[in-house]
Structures are given as structure tokens and as C-alpha cells.
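A short worksheet on the structure shown next.
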Amino acid sequence: MGKYIVKRILIAIPVLIGITIIDYAIMCMAGSPLEMLQGPRVSEAAVEAKKIALGLDKPFYVQYFVWLGQLLHGNMGYSIKSYQPVSEMISSHLGPTLLLMGVSLLVSLLMAVPAGIYSAIHQYTKGDYAVVTFSFLGSSIPGFFLSLLLIYIFTVKLGWLPSSGMTTLGTGGGFLDVLKHMIMPVIVLSTSMAGSNIRYIRSAVLEILQQDYLRTARAKGIGHFKVINKHALRNALVPIVTVIGMEIPVLFGGAVIIEQVFSWPGLGLMTMSAITSRDYPVIMGVCLLSAVVVLAANLITDILYALVDPTIQLD
Amino acid sequence: MGKVKQTEQNVKINKDIASESYFQTVFRRFRRHKLALISMIVVIVLGGAALLAPIIAPYEPDAIVGPFSGAPSREFWLGTDQIGRDVFSRLLYAMRISLLVGIMATLISTVVGVVLGLIAGYFGGVADMIIMRFTDMVMSFPYILLVLVAAAIFKPGLWNIILILGFVDWPGIARLVRGNVLNLRETNFIKGNIVAGMPLRHILFSEILPNTVAPILVYATSVLALSMLDEAALSFLGLGVQPPTASLGNMLNGAQSLTVLTKQPWLWIPAGLLIVILVMAINFIGDALRDALDPNSR
């Protein structure tokens, strides 16, 4: 087991380095952040001075190694726009995003696991068709359109829920206030995740139900309830672990657009504004963070997978 | 008596099944999915409408023909937008663009994925390692973040969106093809080909590829659905297809303003519903194809 984990980490490292190189190359092709500075009131000399100050006059690979070296010392650089340290910006925006992502993941599992299992046990019944159709709807509706519909219904028509931010301006916030602001973004994020998860769990449980050990359990005559709850569900843990692992990168991406629509003050909102102002250090920091999170999620999924399913061979 | 009759019937059915061609089998299984059949009709009707947009559309899509933000009326079925263009006509043209983006992006990613998957699976070794590590890298980026960054960097526009989506969607297909090739390489008919000294191109494209077309086709439908969703999201954020060209996503862009959102629902609800209907229909078709092409089902 230990050997397996070490091997997986060793594979992940070159992937991570590759990611930073690709990322850096794309950024450099993009054009210079100095373009944003240029204007009739900025002199040529000032732009040149800025260029040297930012180290942009050096060749691409030198800039990359400078950045990488700083990174190893825990320094992710400074935002070109606000001059704040990138690591500080990320950590101050991370909380709201983690809150949103965690709750959405939980809600989507609470929807998807029972629905997927129900649907598999009652295959080809009306209930199954309803669940599957809903899951297709969930994965086919664009998040931003669902957001607009929810805002239209719950904010504009009914006036029940606030449509932007995390707390009401001018108040201290508080648990209930945050909760109210969170309802719509969580619905949107968890619906789209639940859509694909339901079908995944359904087909995984269907496969389990056809296994020999379940036939044996049924043949023993221990009753439908026990067969499902003791024998089938425990084995359904494997697909559920996979689903959680698959959702982490999706969540990270989905949050960008949803945070934009709901003005949720998280990483996504910060990233969008960094993208539009070409704030390289910030974009690089976010990309790196998300790549690490995704790789870590994959790693943990694989390890959990090996723990939950003893038949998987580690080599 | 009844039992004998039933057995006879079964024999007859089995005979029918045995004598039908591959495509007949697939079609017979596909037809069992009623939702997929309906979806097929929906896609054909909407696709036809998009294709025939210049004939069907009552007005030029970019021409100013009516009042500003006019409500739906007999003259303008879905009203007019903020600068007086006919929403219904624009919707038809938008569908054209969105389908074009989806189909082209899917084609590009399928070709890239198939070629890389074939190379990695067939040759193995260093080529396999490099390609699969590269695939891991692309897959480790949160997908939308990568698309957003790329869309912000390259000037937003129709063909750039197609290229970006095409070059981001391929890893899934590459993995799928690689896995299938690894399995096929161990089969006797491929080994026979190698022993017989058939040219590599023949083995790869005439022997291996046809045997892995079915899963590629199924996967491609989900890529099509995904890339249409992504185009919509990008255009909604203003990083995709640029106005005045209409796409389903950028027609929703207006709904970011409060007046449009609250007072002029005809400007954004129809475009959003069209995306949902199209993507859902494509997903249903893909699901039915998966069952129909599965060699293990009857």
C-alpha cells in the first residue's frame, strides 16, 4: 500500500511540472500585461521601467524559473493590478469557495445516492424513468440559465431570496443571512452534479445487483431488505467514492461561472477579474492551486478505491 | 398449445434476429428508446430549421426592423431586442452558430483523440508514456478554467472558440481509444495481420479503427452536448461568439442587465430553453446509442 502511494505521488510530480510549463507558455503567448498600462498619458520610458521592474525583459524560460524558484520558497508573486501577494489573495477568497463547494457536493450526494440506488433497484419502472429523465435534465441545463431562472422566480417574482453576494450589505451577516444567500448557488451547482452522478451510481448498482454474491444472498432467503441494505449498499460505496473524486475538478470549474452570476466573493470571482485584466501571477496561482487540488483528489480517490475494494490490484 | 405457439414465435424471432444486418440490429434496439426517438425528431426538426434559417427567418438577423425591446406580437413572434432586431430570426441563426460550434469542436477533438489514442495504444513504450502524461496534464486542469483562460487570451471569435473547445475535449476520447486498442492488439485477427506483414496504416485504420468506432460515436455525442454547453457559457460571459453574430449563449448575455431579466423575458427564456432542449435531445440519443451499440445487449 505504502509503495503504491509513493508510486502515485512520483507519477503526479512530472504532471504537475508539465502543467506549470504549459500554463506559463499560454500566458506568455497571451500578450503582455503592459498593454493595459499603455495609454496617451504613460510615457515610453515609464513602460520600459515597469517592464524591467516586473522582470518581463528577460527571456521566457528565465522568467519561468524565477517564478518557480520563488514558488518553492512559498512566494507566489504579487498581483500586477493590486500589488497584493497572490497567496494572500487566494487564501482570503478560498473560504467562501470552499463553503460553496463543500455544501454543493454534500447536497448533490444527498440527492444522487438515494436516487441512483432507488432507480437501479426499481429498474424500468415509472419511478426509474422519472429519475433518469430528471438526471438528464440536470446535466443538460446550463448552470447560468438555471441561475437566471431561479433569480427570476425567487428574487424578482417572489422576493424571497437575495441574488448576489454572501451577506446583506450593511449588516454583520450571520449564519441565517449567509444561508439565504447560499441557497440558489448551491441548487445550481448540485443539480448539474447530481445529473451525471445519478446515472453513474445507477449503472454501478445495476452491475452489483447482477453479481453472483447477491444471487447467493437472495438464494439464502434473507429477504429483499437485507439483501439490498447489507450486501448491495456496502459494495455501492466504490462508485460513490469515484463520483466524489470526479466531482472535485468539475466543482472548481463550475464555481467560476456560478460565482460570477451570483457575485459570490470567492476564488471564481477573483479568477474572472484576473483573467479579464490579464493579471498573470494571479491566474498562474489559481491554475496551480486547482491543478494541485485535482491531482490530490485523483490520488485520494485511487487510494480510497483500493481501500474500499480489496479486489483491486496495486501494481 | 399456447406454449408450443409461443416457442414457435420465439424461434421465428430468433431467426429474424439472426438474419438481420448489423445496422438493422442497432436500429431495432435504438427504436426501443421512445425518448431517444422523440429526441431524434426534435434534433432533425431544429437542425433543419437552423439549416434553412435564411428561408424560414422572417427578417434579416442583424437588421433593425422594429421597435426597441418590443413585446412578442403577430409581427414579431418572439418580440424584438434592445436595438430592434427580430428575436425569432436571430434565434434561428443563433442555433446555426451553436450547432456549428458544437459539431466542429466535436470533430476536431475526435480526430485528435483518435490519432493520439491509436498511437499511444498501438506503439506503447515511450510514445504511450508521453501521450498519456500529456493527457493527464490536460485533464488535471479544471476544464472550464482552461477554456476561460484560453478564451481570454486568444481574441474571442467563432473559429477561436471552435479550436479551443476542440483542443480541450480530446483527452477522454484518447483514453477510450487507447484502452480499446490495447485490447484489440491482443486479438488473433490483429496478430494475424501483423504476421502477414500488412502495412501499419492498414492495420491501424482498416482493422483496429472500425472495431472501436461504436464507443467513439457514443462518446462523441456527449462531447457534442458538452461543447454546446461550453459555447453557451463562454458566449454568455462575453468570451465566446461576439455580437452582432447571434449564438444561443450570447443571446442570453443581455439577461445580465436587470431590465432585461425582469421586464423582457422573451429576450432570454427562449434562447435558454433551446439550449436545454437541444443538449438534452443529444444526450438522450447518445444514451440510446450506447445501449443499441453494446454488443452484450440483445
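Starting from 1 in every chain, residues are counted up; chains themselves are A, B, ... following the order of the C-alpha cells, and ligands are numbered from 1 as listed.
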Contact residues around stretch 290-296 of chain A with only C-alpha atoms at 6 Å, ignoring same-chain residues under 6 positions, as a ChimeraX atom specification: /A:249 /B:140-141
Residue hits in chain B, query chain A, radius 8 Å, only C-alpha atoms, as a ChimeraX atom specification: /B:133-134,136-138,140-145,148-150,152-154,225,229,232-233,252,255,261-262,272,275-276,279-280,283-284
Selected residue, from B:Ser222, B:Asn188, B:Thr25, B:Asn211, that lies nearest to B:Ile103 when counting only C-alpha atoms: B:Ser222
Spatial neighbours of stretch 195-207 of chain B, 10 Å, only C-alpha atoms, chain gap at least 2 places, as a PyMOL selection string: chain B and resi 115+118-119+122+181+184-185+189-193+209-212
Selected residues, C-alpha atoms, written as a JSON list (two decimals), in the first residue's frame, please.
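Final file, part_21.json:
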```
[["chain", "number", "residue", "atom", "x", "y", "z"],
["B", 115, "VAL", "CA", -4.98, 9.73, -33.58],
["B", 118, "LEU", "CA", -4.20, 4.95, -31.66],
["B", 119, "ILE", "CA", -0.52, 5.91, -31.44],
["B", 122, "TYR", "CA", -0.53, 0.58, -30.62],
["B", 181, "VAL", "CA", -6.50, -0.61, -28.99],
["B", 184, "LEU", "CA", -7.61, -5.34, -29.79],
["B", 185, "ARG", "CA", -3.84, -5.71, -30.16],
["B", 189, "PHE", "CA", -7.03, -11.20, -36.13],
["B", 190, "ILE", "CA", -4.72, -8.27, -35.43],
["B", 191, "LYS", "CA", -1.84, -10.61, -34.63],
["B", 192, "GLY", "CA", -2.61, -12.38, -37.89],
["B", 193, "ASN", "CA", -2.37, -9.08, -39.73],
["B", 209, "LEU", "CA", -10.28, 1.73, -36.01],
["B", 210, "PRO", "CA", -13.52, 0.17, -37.39],
["B", 211, "ASN", "CA", -13.68, -2.09, -34.35],
["B", 212, "THR", "CA", -13.63, 0.80, -31.96]]
```
Non-local contacts of A:Leu110 (12 Å; only C-alpha atoms; under 4 positions in same chain excluded) as a list in words: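 Within the cut-off, the hits are Val103, Ser104, Leu105, Leu106, Pro114, Ala115, Gly116, Ile117, Ser190, Thr191, Met193, Ala194, Asn197, Ile198, Ile240 and Ile244 of chain A.
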Restrict the selected residues to C-alpha atoms and save them as a JSON list (two decimals), in the first residue's frame.
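To be explicit, this is the file written out as part19.json:
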```
[["chain", "number", "residue", "atom", "x", "y", "z"],
["A", 103, "VAL", "CA", -22.19, 22.26, 0.69],
["A", 104, "SER", "CA", -22.94, 21.69, -3.00],
["A", 105, "LEU", "CA", -21.05, 18.40, -3.02],
["A", 106, "LEU", "CA", -22.91, 17.25, 0.06],
["A", 114, "PRO", "CA", -30.64, 7.65, -2.83],
["A", 115, "ALA", "CA", -32.00, 8.48, -6.30],
["A", 116, "GLY", "CA", -29.40, 6.36, -8.08],
["A", 117, "ILE", "CA", -29.91, 3.36, -5.80],
["A", 190, "SER", "CA", -25.64, 20.48, -7.04],
["A", 191, "THR", "CA", -28.27, 19.99, -9.75],
["A", 193, "MET", "CA", -23.53, 17.43, -10.48],
["A", 194, "ALA", "CA", -26.42, 15.24, -9.38],
["A", 197, "ASN", "CA", -23.91, 11.23, -10.62],
["A", 198, "ILE", "CA", -27.37, 9.66, -10.56],
["A", 240, "ILE", "CA", -19.77, 6.71, -4.66],
["A", 244, "ILE", "CA", -16.75, 12.32, -5.28]]
```
Of the listed residues B:Ala63, B:Leu248, B:Leu46, B:Ala127, that which approaches B:Val101 most closely, counting only C-alpha atoms: B:Leu248
Exercise: A:Val205 partners within 7 Å, only C-alpha atoms, chain neighbours under 2 positions left out, as a ChimeraX atom specification: /A:117,120,201-203,207-209,236
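Between atom CA of B:Lys34 and atom CA of A:Phe134 the separation is 15.8 Å.
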Non-local contacts of A:Tyr305 (12 Å; only C-alpha atoms; under 2 positions in same chain excluded) as a ChimeraX atom specification: /A:1,235-245,297-303,307-314
Could you write out that same residue set with C-alpha atoms as a PDB file, in the first residue's frame?
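Heads up, here's the output in again_33.pdb:
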```pdb
ATOM      1  CA  MET A   1       0.000   0.000   0.000  1.00  0.00           C
ATOM      2  CA  ASN A 235     -20.477  -2.509  -2.403  1.00  0.00           C
ATOM      3  CA  ALA A 236     -22.063   0.612  -3.816  1.00  0.00           C
ATOM      4  CA  LEU A 237     -19.519   2.590  -1.777  1.00  0.00           C
ATOM      5  CA  VAL A 238     -16.967   2.086  -4.541  1.00  0.00           C
ATOM      6  CA  PRO A 239     -18.859   4.038  -7.210  1.00  0.00           C
ATOM      7  CA  ILE A 240     -19.772   6.710  -4.665  1.00  0.00           C
ATOM      8  CA  VAL A 241     -16.086   7.269  -3.853  1.00  0.00           C
ATOM      9  CA  THR A 242     -15.377   7.536  -7.580  1.00  0.00           C
ATOM     10  CA  VAL A 243     -18.148  10.067  -8.004  1.00  0.00           C
ATOM     11  CA  ILE A 244     -16.754  12.321  -5.277  1.00  0.00           C
ATOM     12  CA  GLY A 245     -13.305  12.197  -6.902  1.00  0.00           C
ATOM     13  CA  ALA A 297      -8.313  14.447  -5.492  1.00  0.00           C
ATOM     14  CA  ASN A 298      -7.359  11.831  -8.100  1.00  0.00           C
ATOM     15  CA  LEU A 299      -4.710  10.413  -5.807  1.00  0.00           C
ATOM     16  CA  ILE A 300      -7.031  10.206  -2.801  1.00  0.00           C
ATOM     17  CA  THR A 301      -9.743   8.635  -4.969  1.00  0.00           C
ATOM     18  CA  ASP A 302      -7.353   5.941  -6.143  1.00  0.00           C
ATOM     19  CA  ILE A 303      -6.190   5.215  -2.616  1.00  0.00           C
ATOM     20  CA  LEU A 307      -9.155   0.584   0.441  1.00  0.00           C
ATOM     21  CA  VAL A 308     -12.839   0.112  -0.336  1.00  0.00           C
ATOM     22  CA  ASP A 309     -12.400  -2.553  -2.992  1.00  0.00           C
ATOM     23  CA  PRO A 310      -9.997  -5.287  -1.894  1.00  0.00           C
ATOM     24  CA  THR A 311     -10.065  -6.929  -5.336  1.00  0.00           C
ATOM     25  CA  ILE A 312      -8.149  -4.043  -6.942  1.00  0.00           C
ATOM     26  CA  GLN A 313      -4.560  -4.996  -7.532  1.00  0.00           C
ATOM     27  CA  LEU A 314      -1.919  -2.463  -6.690  1.00  0.00           C
TER      28      LEU A 314
END
```
In stretch 4-208 of chain B, DSSP helix (DSSP H, G or I) residues written as a VMD selection string: chain B and resid 4 to 19 22 to 31 34 to 51 53 to 56 87 to 123 125 to 140 143 to 153 158 to 168 170 to 185 188 to 195 200 to 208
